[in-house]
$ cat entry-v4.pdb   # PDB, C-alpha atoms and all ligand atoms
ATOM      1  CA  MET A   1       0.000   0.000   0.000  1.00  0.00           C
ATOM      2  CA  TYR A   2       1.252   3.496  -0.837  1.00  0.00           C
ATOM      3  CA  THR A   3       1.304   6.472   1.500  1.00  0.00           C
ATOM      4  CA  LEU A   4      -0.546   9.643   0.549  1.00  0.00           C
ATOM      5  CA  ASN A   5       2.826  11.337  -0.010  1.00  0.00           C
ATOM      6  CA  GLN A   6       3.922   8.632  -2.431  1.00  0.00           C
ATOM      7  CA  LEU A   7       0.622   8.834  -4.270  1.00  0.00           C
ATOM      8  CA  ASN A   8       0.926  12.606  -4.489  1.00  0.00           C
ATOM      9  CA  GLY A   9       4.345  12.089  -6.056  1.00  0.00           C
ATOM     10  CA  PHE A  10       2.817   9.848  -8.743  1.00  0.00           C
ATOM     11  CA  VAL A  11       0.074  12.416  -9.389  1.00  0.00           C
ATOM     12  CA  LYS A  12       2.616  15.258  -9.713  1.00  0.00           C
ATOM     13  CA  ASN A  13       4.369  13.330 -12.476  1.00  0.00           C
ATOM     14  CA  CYS A  14       1.220  11.912 -14.067  1.00  0.00           C
ATOM     15  CA  SER A  15       0.671  12.135 -17.815  1.00  0.00           C
ATOM     16  CA  LYS A  16      -2.003   9.413 -18.120  1.00  0.00           C
ATOM     17  CA  CYS A  17      -4.390  11.815 -19.905  1.00  0.00           C
ATOM     18  CA  ASP A  18      -3.954  15.068 -21.814  1.00  0.00           C
ATOM     19  CA  LEU A  19      -4.887  17.310 -18.887  1.00  0.00           C
ATOM     20  CA  TYR A  20      -1.246  17.325 -17.750  1.00  0.00           C
ATOM     21  CA  LYS A  21      -0.305  19.437 -20.786  1.00  0.00           C
ATOM     22  CA  GLU A  22      -2.044  22.596 -19.579  1.00  0.00           C
ATOM     23  CA  ARG A  23      -1.898  22.276 -15.832  1.00  0.00           C
ATOM     24  CA  ASN A  24       0.022  24.686 -13.600  1.00  0.00           C
ATOM     25  CA  HIS A  25      -0.302  22.432 -10.565  1.00  0.00           C
ATOM     26  CA  THR A  26      -1.776  19.046  -9.863  1.00  0.00           C
ATOM     27  CA  VAL A  27      -4.395  19.160  -7.106  1.00  0.00           C
ATOM     28  CA  PHE A  28      -4.059  15.965  -5.111  1.00  0.00           C
ATOM     29  CA  GLY A  29      -6.346  16.882  -2.215  1.00  0.00           C
ATOM     30  CA  GLN A  30      -5.624  17.885   1.353  1.00  0.00           C
ATOM     31  CA  GLY A  31      -6.818  17.633   4.901  1.00  0.00           C
ATOM     32  CA  ASN A  32      -6.763  15.215   7.792  1.00  0.00           C
ATOM     33  CA  GLU A  33      -5.254  11.904   6.669  1.00  0.00           C
ATOM     34  CA  ASN A  34      -7.346  10.206   9.355  1.00  0.00           C
ATOM     35  CA  ALA A  35     -10.564  12.009   8.519  1.00  0.00           C
ATOM     36  CA  ASP A  36     -13.930  10.431   9.235  1.00  0.00           C
ATOM     37  CA  ILE A  37     -15.463  12.536   6.473  1.00  0.00           C
ATOM     38  CA  MET A  38     -14.145  12.945   2.961  1.00  0.00           C
ATOM     39  CA  PHE A  39     -15.534  15.411   0.393  1.00  0.00           C
ATOM     40  CA  VAL A  40     -15.082  14.736  -3.308  1.00  0.00           C
ATOM     41  CA  GLY A  41     -15.590  17.342  -6.010  1.00  0.00           C
ATOM     42  CA  GLU A  42     -15.179  17.235  -9.740  1.00  0.00           C
ATOM     43  CA  GLY A  43     -11.797  18.686 -10.572  1.00  0.00           C
ATOM     44  CA  PRO A  44      -9.653  21.759  -9.998  1.00  0.00           C
ATOM     45  CA  GLY A  45     -10.823  25.120 -11.298  1.00  0.00           C
ATOM     46  CA  TYR A  46      -8.751  28.217 -12.026  1.00  0.00           C
ATOM     47  CA  TYR A  47      -7.757  29.025  -8.424  1.00  0.00           C
ATOM     48  CA  GLU A  48      -7.057  25.422  -7.488  1.00  0.00           C
ATOM     49  CA  ASP A  49      -4.785  25.038 -10.534  1.00  0.00           C
ATOM     50  CA  VAL A  50      -2.888  28.188  -9.519  1.00  0.00           C
ATOM     51  CA  GLU A  51      -2.460  27.125  -5.880  1.00  0.00           C
ATOM     52  CA  GLY A  52      -2.403  23.329  -6.133  1.00  0.00           C
ATOM     53  CA  VAL A  53      -5.038  23.067  -3.390  1.00  0.00           C
ATOM     54  CA  ALA A  54      -8.612  21.737  -3.718  1.00  0.00           C
ATOM     55  CA  PHE A  55     -11.607  24.020  -3.241  1.00  0.00           C
ATOM     56  CA  VAL A  56      -9.893  27.358  -2.647  1.00  0.00           C
ATOM     57  CA  GLY A  57     -11.916  29.474  -5.113  1.00  0.00           C
ATOM     58  CA  PRO A  58     -15.505  30.730  -4.673  1.00  0.00           C
ATOM     59  CA  ALA A  59     -16.931  27.174  -4.545  1.00  0.00           C
ATOM     60  CA  GLY A  60     -14.367  26.405  -1.845  1.00  0.00           C
ATOM     61  CA  GLY A  61     -15.514  29.458   0.095  1.00  0.00           C
ATOM     62  CA  LEU A  62     -19.037  28.076   0.154  1.00  0.00           C
ATOM     63  CA  LEU A  63     -17.781  24.632   1.179  1.00  0.00           C
ATOM     64  CA  THR A  64     -15.914  26.227   4.105  1.00  0.00           C
ATOM     65  CA  LYS A  65     -19.041  28.183   5.070  1.00  0.00           C
ATOM     66  CA  ALA A  66     -21.177  25.020   5.020  1.00  0.00           C
ATOM     67  CA  LEU A  67     -18.605  23.215   7.180  1.00  0.00           C
ATOM     68  CA  ASN A  68     -18.541  26.126   9.643  1.00  0.00           C
ATOM     69  CA  HIS A  69     -22.330  25.935   9.730  1.00  0.00           C
ATOM     70  CA  ILE A  70     -22.088  22.439  11.229  1.00  0.00           C
ATOM     71  CA  GLY A  71     -19.102  23.208  13.457  1.00  0.00           C
ATOM     72  CA  ILE A  72     -16.552  21.198  11.485  1.00  0.00           C
ATOM     73  CA  LYS A  73     -13.195  22.663  10.439  1.00  0.00           C
ATOM     74  CA  ARG A  74     -11.725  22.147   6.976  1.00  0.00           C
ATOM     75  CA  GLU A  75      -8.575  20.726   8.600  1.00  0.00           C
ATOM     76  CA  ASP A  76     -10.649  17.958  10.203  1.00  0.00           C
ATOM     77  CA  VAL A  77     -11.956  16.550   6.915  1.00  0.00           C
ATOM     78  CA  TYR A  78     -10.241  15.461   3.712  1.00  0.00           C
ATOM     79  CA  ILE A  79     -11.068  17.206   0.434  1.00  0.00           C
ATOM     80  CA  ALA A  80     -10.258  15.753  -2.992  1.00  0.00           C
ATOM     81  CA  ASN A  81     -11.540  15.576  -6.548  1.00  0.00           C
ATOM     82  CA  ILE A  82     -12.313  13.019  -9.243  1.00  0.00           C
ATOM     83  CA  VAL A  83      -9.640  14.469 -11.561  1.00  0.00           C
ATOM     84  CA  LYS A  84      -6.418  15.976 -10.247  1.00  0.00           C
ATOM     85  CA  CYS A  85      -5.713  18.407 -13.109  1.00  0.00           C
ATOM     86  CA  ARG A  86      -7.834  21.319 -14.314  1.00  0.00           C
ATOM     87  CA  PRO A  87      -9.932  20.704 -17.417  1.00  0.00           C
ATOM     88  CA  PRO A  88      -9.419  23.671 -19.795  1.00  0.00           C
ATOM     89  CA  ASN A  89     -11.944  26.491 -19.228  1.00  0.00           C
ATOM     90  CA  ASN A  90     -13.497  24.433 -16.423  1.00  0.00           C
ATOM     91  CA  ARG A  91     -15.274  22.122 -18.852  1.00  0.00           C
ATOM     92  CA  ASN A  92     -16.516  18.804 -17.426  1.00  0.00           C
ATOM     93  CA  PRO A  93     -13.790  16.164 -17.300  1.00  0.00           C
ATOM     94  CA  LEU A  94     -14.011  13.689 -20.184  1.00  0.00           C
ATOM     95  CA  LYS A  95     -14.761  10.008 -19.598  1.00  0.00           C
ATOM     96  CA  GLU A  96     -11.219   8.994 -20.473  1.00  0.00           C
ATOM     97  CA  GLU A  97      -9.772  11.655 -18.143  1.00  0.00           C
ATOM     98  CA  MET A  98     -11.877  10.389 -15.231  1.00  0.00           C
ATOM     99  CA  ALA A  99     -11.053   6.769 -16.035  1.00  0.00           C
ATOM    100  CA  ALA A 100      -7.333   7.598 -16.079  1.00  0.00           C
ATOM    101  CA  CYS A 101      -7.484   9.434 -12.735  1.00  0.00           C
ATOM    102  CA  ILE A 102     -10.020   7.560 -10.574  1.00  0.00           C
ATOM    103  CA  GLN A 103      -7.491   4.999  -9.346  1.00  0.00           C
ATOM    104  CA  TYR A 104      -5.708   7.733  -7.387  1.00  0.00           C
ATOM    105  CA  LEU A 105      -8.953   8.534  -5.573  1.00  0.00           C
ATOM    106  CA  ARG A 106      -9.567   4.842  -4.866  1.00  0.00           C
ATOM    107  CA  TYR A 107      -6.153   4.663  -3.201  1.00  0.00           C
ATOM    108  CA  GLN A 108      -6.975   7.825  -1.226  1.00  0.00           C
ATOM    109  CA  PHE A 109     -10.153   6.105   0.037  1.00  0.00           C
ATOM    110  CA  LYS A 110      -8.157   3.001   0.995  1.00  0.00           C
ATOM    111  CA  ILE A 111      -5.563   4.989   2.931  1.00  0.00           C
ATOM    112  CA  ILE A 112      -7.878   7.483   4.645  1.00  0.00           C
ATOM    113  CA  LYS A 113     -10.720   5.007   5.227  1.00  0.00           C
ATOM    114  CA  PRO A 114     -13.446   7.624   5.698  1.00  0.00           C
ATOM    115  CA  GLU A 115     -16.699   6.554   7.315  1.00  0.00           C
ATOM    116  CA  ILE A 116     -18.580   9.158   5.295  1.00  0.00           C
ATOM    117  CA  ILE A 117     -17.988  10.263   1.713  1.00  0.00           C
ATOM    118  CA  VAL A 118     -19.810  13.348   0.485  1.00  0.00           C
ATOM    119  CA  CYS A 119     -20.117  13.555  -3.284  1.00  0.00           C
ATOM    120  CA  LEU A 120     -20.204  17.197  -4.324  1.00  0.00           C
ATOM    121  CA  GLY A 121     -22.242  17.267  -7.513  1.00  0.00           C
ATOM    122  CA  ALA A 122     -23.254  14.905 -10.261  1.00  0.00           C
ATOM    123  CA  ILE A 123     -19.783  14.105 -11.610  1.00  0.00           C
ATOM    124  CA  ALA A 124     -18.500  12.869  -8.255  1.00  0.00           C
ATOM    125  CA  SER A 125     -21.774  10.989  -7.661  1.00  0.00           C
ATOM    126  CA  VAL A 126     -21.786   9.251 -11.049  1.00  0.00           C
ATOM    127  CA  ASN A 127     -18.201   8.087 -10.518  1.00  0.00           C
ATOM    128  CA  ILE A 128     -18.534   7.019  -6.895  1.00  0.00           C
ATOM    129  CA  ILE A 129     -22.137   5.860  -6.564  1.00  0.00           C
ATOM    130  CA  ASP A 130     -23.412   4.610  -9.876  1.00  0.00           C
ATOM    131  CA  SER A 131     -23.183   5.563 -13.537  1.00  0.00           C
ATOM    132  CA  SER A 132     -26.958   6.103 -13.771  1.00  0.00           C
ATOM    133  CA  PHE A 133     -27.031   8.469 -10.771  1.00  0.00           C
ATOM    134  CA  LYS A 134     -29.436  11.445 -11.085  1.00  0.00           C
ATOM    135  CA  ILE A 135     -28.722  14.385  -8.795  1.00  0.00           C
ATOM    136  CA  SER A 136     -32.290  15.716  -9.108  1.00  0.00           C
ATOM    137  CA  LYS A 137     -33.727  12.464  -7.664  1.00  0.00           C
ATOM    138  CA  GLN A 138     -31.003  11.109  -5.396  1.00  0.00           C
ATOM    139  CA  ARG A 139     -29.434  14.150  -3.711  1.00  0.00           C
ATOM    140  CA  GLY A 140     -29.635  14.115   0.053  1.00  0.00           C
ATOM    141  CA  LYS A 141     -30.246  10.351   0.278  1.00  0.00           C
ATOM    142  CA  TRP A 142     -27.677   8.145   1.989  1.00  0.00           C
ATOM    143  CA  ILE A 143     -26.198   5.162   0.213  1.00  0.00           C
ATOM    144  CA  HIS A 144     -24.392   2.494   2.239  1.00  0.00           C
ATOM    145  CA  LYS A 145     -21.779   0.901   0.030  1.00  0.00           C
ATOM    146  CA  LYS A 146     -18.749  -1.216   1.014  1.00  0.00           C
ATOM    147  CA  ASN A 147     -19.274  -0.201   4.639  1.00  0.00           C
ATOM    148  CA  VAL A 148     -19.081   3.532   3.874  1.00  0.00           C
ATOM    149  CA  TRP A 149     -21.948   6.011   4.142  1.00  0.00           C
ATOM    150  CA  ILE A 150     -22.143   8.112   0.981  1.00  0.00           C
ATOM    151  CA  LEU A 151     -24.183  11.286   0.678  1.00  0.00           C
ATOM    152  CA  PRO A 152     -24.633  12.989  -2.674  1.00  0.00           C
ATOM    153  CA  THR A 153     -25.300  16.725  -2.530  1.00  0.00           C
ATOM    154  CA  PHE A 154     -25.097  19.661  -4.895  1.00  0.00           C
ATOM    155  CA  HIS A 155     -21.768  20.962  -6.071  1.00  0.00           C
ATOM    156  CA  PRO A 156     -21.116  24.274  -4.253  1.00  0.00           C
ATOM    157  CA  ALA A 157     -20.578  26.011  -7.622  1.00  0.00           C
ATOM    158  CA  ALA A 158     -24.114  24.947  -8.617  1.00  0.00           C
ATOM    159  CA  VAL A 159     -25.423  26.419  -5.348  1.00  0.00           C
ATOM    160  CA  LEU A 160     -23.627  29.697  -6.097  1.00  0.00           C
ATOM    161  CA  ARG A 161     -25.357  29.820  -9.496  1.00  0.00           C
ATOM    162  CA  ASP A 162     -28.825  28.940  -8.159  1.00  0.00           C
ATOM    163  CA  SER A 163     -29.927  30.228  -4.753  1.00  0.00           C
ATOM    164  CA  ALA A 164     -32.847  27.741  -4.692  1.00  0.00           C
ATOM    165  CA  LYS A 165     -30.237  25.034  -4.032  1.00  0.00           C
ATOM    166  CA  GLU A 166     -28.924  26.757  -0.886  1.00  0.00           C
ATOM    167  CA  GLU A 167     -31.501  25.437   1.555  1.00  0.00           C
ATOM    168  CA  PRO A 168     -31.203  21.749   0.516  1.00  0.00           C
ATOM    169  CA  PHE A 169     -27.396  22.075   0.393  1.00  0.00           C
ATOM    170  CA  PHE A 170     -27.185  23.418   3.952  1.00  0.00           C
ATOM    171  CA  SER A 171     -29.716  20.884   5.189  1.00  0.00           C
ATOM    172  CA  ASP A 172     -27.557  18.105   3.669  1.00  0.00           C
ATOM    173  CA  PHE A 173     -24.675  19.409   5.774  1.00  0.00           C
ATOM    174  CA  LEU A 174     -26.815  19.176   8.914  1.00  0.00           C
ATOM    175  CA  GLU A 175     -27.533  15.598   7.896  1.00  0.00           C
ATOM    176  CA  ILE A 176     -23.782  14.928   7.517  1.00  0.00           C
ATOM    177  CA  LYS A 177     -23.285  16.221  11.071  1.00  0.00           C
ATOM    178  CA  ARG A 178     -26.143  14.077  12.367  1.00  0.00           C
ATOM    179  CA  LYS A 179     -24.814  10.915  10.715  1.00  0.00           C
ATOM    180  CA  HIS A 180     -21.277  11.636  11.912  1.00  0.00           C
ATOM    181  CA  GLU A 181     -22.456  11.993  15.494  1.00  0.00           C
ATOM    182  CA  GLU A 182     -24.513   8.800  15.158  1.00  0.00           C
ATOM    183  CA  LEU A 183     -21.435   6.912  13.928  1.00  0.00           C
ATOM    184  CA  ILE A 184     -19.257   8.297  16.741  1.00  0.00           C
ATOM    185  CA  THR A 185     -21.880   7.252  19.294  1.00  0.00           C
ATOM    186  CA  SER A 186     -22.019   3.774  17.830  1.00  0.00           C
ATOM    187  CA  GLY A 187     -18.265   3.227  18.059  1.00  0.00           C
ATOM    188  CA  GLY A 188     -16.563   5.240  15.290  1.00  0.00           C
ATOM    189  CA  LYS A 189     -13.643   4.020  13.179  1.00  0.00           C
TER     190      LYS A 189
HETATM  191  N1  LIG B 201     -14.628  22.561  -8.081  1.00  0.00           N
HETATM  192  C1  LIG B 201     -14.294  21.279  -7.848  1.00  0.00           C
HETATM  193  O1  LIG B 201     -15.010  20.357  -8.211  1.00  0.00           O
HETATM  194  N2  LIG B 201     -13.173  21.045  -7.190  1.00  0.00           N
HETATM  195  C2  LIG B 201     -12.362  22.009  -6.754  1.00  0.00           C
HETATM  196  O2  LIG B 201     -11.333  21.697  -6.156  1.00  0.00           O
HETATM  197  C3  LIG B 201     -12.744  23.336  -6.998  1.00  0.00           C
HETATM  198  C4  LIG B 201     -13.869  23.594  -7.671  1.00  0.00           C
END
$ encode --input "entry-v4.pdb" --output "structure tokens" --more "lines below"
Ligand code: URA
Amino acid sequence: MYTLNQLNGFVKNCSKCDLYKERNHTVFGQGNENADIMFVGEGPGYYEDVEGVAFVGPAGGLLTKALNHIGIKREDVYIANIVKCRPPNNRNPLKEEMAACIQYLRYQFKIIKPEIIVCLGAIASVNIIDSSFKISKQRGKWIHKKNVWILPTFHPAAVLRDSAKEEPFFSDFLEIKRKHEELITSGGK
């Protein structure tokens, strides 16, 4: 089994898809390596590509706000993405780009062993939950898969574009808190 540092080294040198050609930085993910809760987005945007850190732009600001809302610090969770390099002009990652990159995320899951995975948006949900996943029907509903509780919610960037998504997004975070406390009470990791 690799360590997260070793994996990050592989990602930094990765050229398994064409996204490496235009990247400024790879964005491996960051946070508590022992986190109970792991958040997974789609892929780096402009700010993340500049800094090499996941969710630091406006969508990241909303993620931080939602975490504060439930009394959890960013440093206590782990934050990663489906693809580790920025798709040009923030387009959706292509199937072959996700297929090339997903193994890194699988290793991150194996090392961190989160009890809860929160899929931020449809792209993370389709890749982690099921290829026929529909965010409009399945958001906010827990899935228990391979002994991990998975909650799909909106991508924070989608919430920033559509204020009608704010209330369900914040209520999903309350649900994350509730489930986390329930798991701690019943024995934790
Ligand atoms: N959007 C994502 O999906 N991930 C990031 O890291 C930033 C924006």
$ atom_distance --input "entry-v4.pdb" --atom1 "atom CA of Glu182 of chain A" --atom2 "atom CA of Asn68 of chain A"
19.1 Å
$ atom_distance --input "entry-v4.pdb" --atom1 "atom CA of Gly31 of chain A" --atom2 "atom CA of Ser163 of chain A"
28.0 Å
$ residues_near_ligand --input "entry-v4.pdb" --ligand "ligand LIG 201 (chain B)" --cutoff "6 Å" --atoms "all atoms listed in the file" --output "PyMOL selection string"
chain A and resi 41-45+48+54-55+59+81
$ residues_around --input "entry-v4.pdb" --residues "Leu62 of chain A" --least-positions-apart "2" --cutoff "12 Å" --atoms "all atoms listed in the file" --output "PyMOL selection string"
chain A and resi 55-60+64-69+74+120+154-161+166+169-170+173
$ residues_around --input "entry-v4.pdb" --residues "Glu115 of chain A" --least-positions-apart "2" --cutoff "7 Å" --atoms "only C-alpha atoms" --output "MDAnalysis selection string"
chainID A and resid 36:37 113 117 148:149
$ atom_distance --input "entry-v4.pdb" --atom1 "atom CA of Tyr46 of chain A" --atom2 "atom CA of Leu19 of chain A"
13.5 Å
$ residues_around --input "entry-v4.pdb" --residues "Arg139 of chain A" --least-positions-apart "2" --cutoff "12 Å" --atoms "all atoms listed in the file" --output "number ranges by chain"
A: 118-122, 124-126, 129, 133-137, 141-143, 150-155, 165, 168-169, 171-173, 175
$ residues_around --input "entry-v4.pdb" --residues "Gln103 of chain A" --least-positions-apart "3" --cutoff "12 Å" --atoms "only C-alpha atoms" --output "number ranges by chain"
A: 7, 10-11, 16, 81-84, 97-100, 106-110, 127-128
$ write_last_selection --input "entry-v4.pdb" --atoms "C-alpha atoms" --output "compact mmCIF listing (two decimals), keeping the file's coordinate frame"
# COMPACT_ATOMS: atom_id res chain seq x y z
CA LEU A 7 0.62 8.83 -4.27
CA PHE A 10 2.82 9.85 -8.74
CA VAL A 11 0.07 12.42 -9.39
CA LYS A 16 -2.00 9.41 -18.12
CA ASN A 81 -11.54 15.58 -6.55
CA ILE A 82 -12.31 13.02 -9.24
CA VAL A 83 -9.64 14.47 -11.56
CA LYS A 84 -6.42 15.98 -10.25
CA GLU A 97 -9.77 11.66 -18.14
CA MET A 98 -11.88 10.39 -15.23
CA ALA A 99 -11.05 6.77 -16.04
CA ALA A 100 -7.33 7.60 -16.08
CA ARG A 106 -9.57 4.84 -4.87
CA TYR A 107 -6.15 4.66 -3.20
CA GLN A 108 -6.98 7.82 -1.23
CA PHE A 109 -10.15 6.10 0.04
CA LYS A 110 -8.16 3.00 1.00
CA ASN A 127 -18.20 8.09 -10.52
CA ILE A 128 -18.53 7.02 -6.90
$ residues_near_point --input "entry-v4.pdb" --point "(-7.6, 23.2, -20.1)" --cutoff "10 Å" --atoms "all atoms listed in the file" --output "list in words"
Asp18, Leu19, Tyr20, Lys21, Glu22, Arg23, Gly45, Tyr46, Cys85, Arg86, Pro87, Pro88, Asn89, Asn90, Arg91 and Pro93 of chain A
$ write_last_selection --input "entry-v4.pdb" --atoms "C-alpha atoms" --output "PDB file, in the frame of the given file"
ATOM      1  CA  ASP A  18      -3.954  15.068 -21.814  1.00  0.00           C
ATOM      2  CA  LEU A  19      -4.887  17.310 -18.887  1.00  0.00           C
ATOM      3  CA  TYR A  20      -1.246  17.325 -17.750  1.00  0.00           C
ATOM      4  CA  LYS A  21      -0.305  19.437 -20.786  1.00  0.00           C
ATOM      5  CA  GLU A  22      -2.044  22.596 -19.579  1.00  0.00           C
ATOM      6  CA  ARG A  23      -1.898  22.276 -15.832  1.00  0.00           C
ATOM      7  CA  GLY A  45     -10.823  25.120 -11.298  1.00  0.00           C
ATOM      8  CA  TYR A  46      -8.751  28.217 -12.026  1.00  0.00           C
ATOM      9  CA  CYS A  85      -5.713  18.407 -13.109  1.00  0.00           C
ATOM     10  CA  ARG A  86      -7.834  21.319 -14.314  1.00  0.00           C
ATOM     11  CA  PRO A  87      -9.932  20.704 -17.417  1.00  0.00           C
ATOM     12  CA  PRO A  88      -9.419  23.671 -19.795  1.00  0.00           C
ATOM     13  CA  ASN A  89     -11.944  26.491 -19.228  1.00  0.00           C
ATOM     14  CA  ASN A  90     -13.497  24.433 -16.423  1.00  0.00           C
ATOM     15  CA  ARG A  91     -15.274  22.122 -18.852  1.00  0.00           C
ATOM     16  CA  PRO A  93     -13.790  16.164 -17.300  1.00  0.00           C
TER      17      PRO A  93
END
$ closest_atom_pairs --input "entry-v4.pdb" --of "segment 30-49 of chain A" --to "segment 1-6 of chain A" --cutoff "12 Å" --atoms "all atoms listed in the file" --output "CSV"
residue,atom,partner,partner_atom,distance
A:Gln30,CA,A:Leu4,CA,9.7
A:Gly31,CA,A:Leu4,CA,11.1
A:Asn32,CA,A:Leu4,CA,11.1
A:Glu33,CA,A:Leu4,CA,8.0
A:Asn34,CA,A:Leu4,CA,11.1
$ closest_residue --input "entry-v4.pdb" --among "A:Ser15, A:Ala164, A:Ala35, A:His25" --to "Lys73 of chain A" --atoms "all atoms listed in the file"
A:Ala35
$ closest_residue --input "entry-v4.pdb" --among "A:Val53, A:Met38, A:Ile111, A:Ile102" --to "Ile79 of chain A" --atoms "all atoms listed in the file"
A:Met38
$ axis_aligned_box --input "entry-v4.pdb" --around "segment 50-60 of chain A" --padding-each-side "3 Å" --output "AutoDock Vina command-line options"
--center_x -9.7 --center_y 26.2 --center_z -5.7 --size_x 20.5 --size_y 15.0 --size_z 13.7
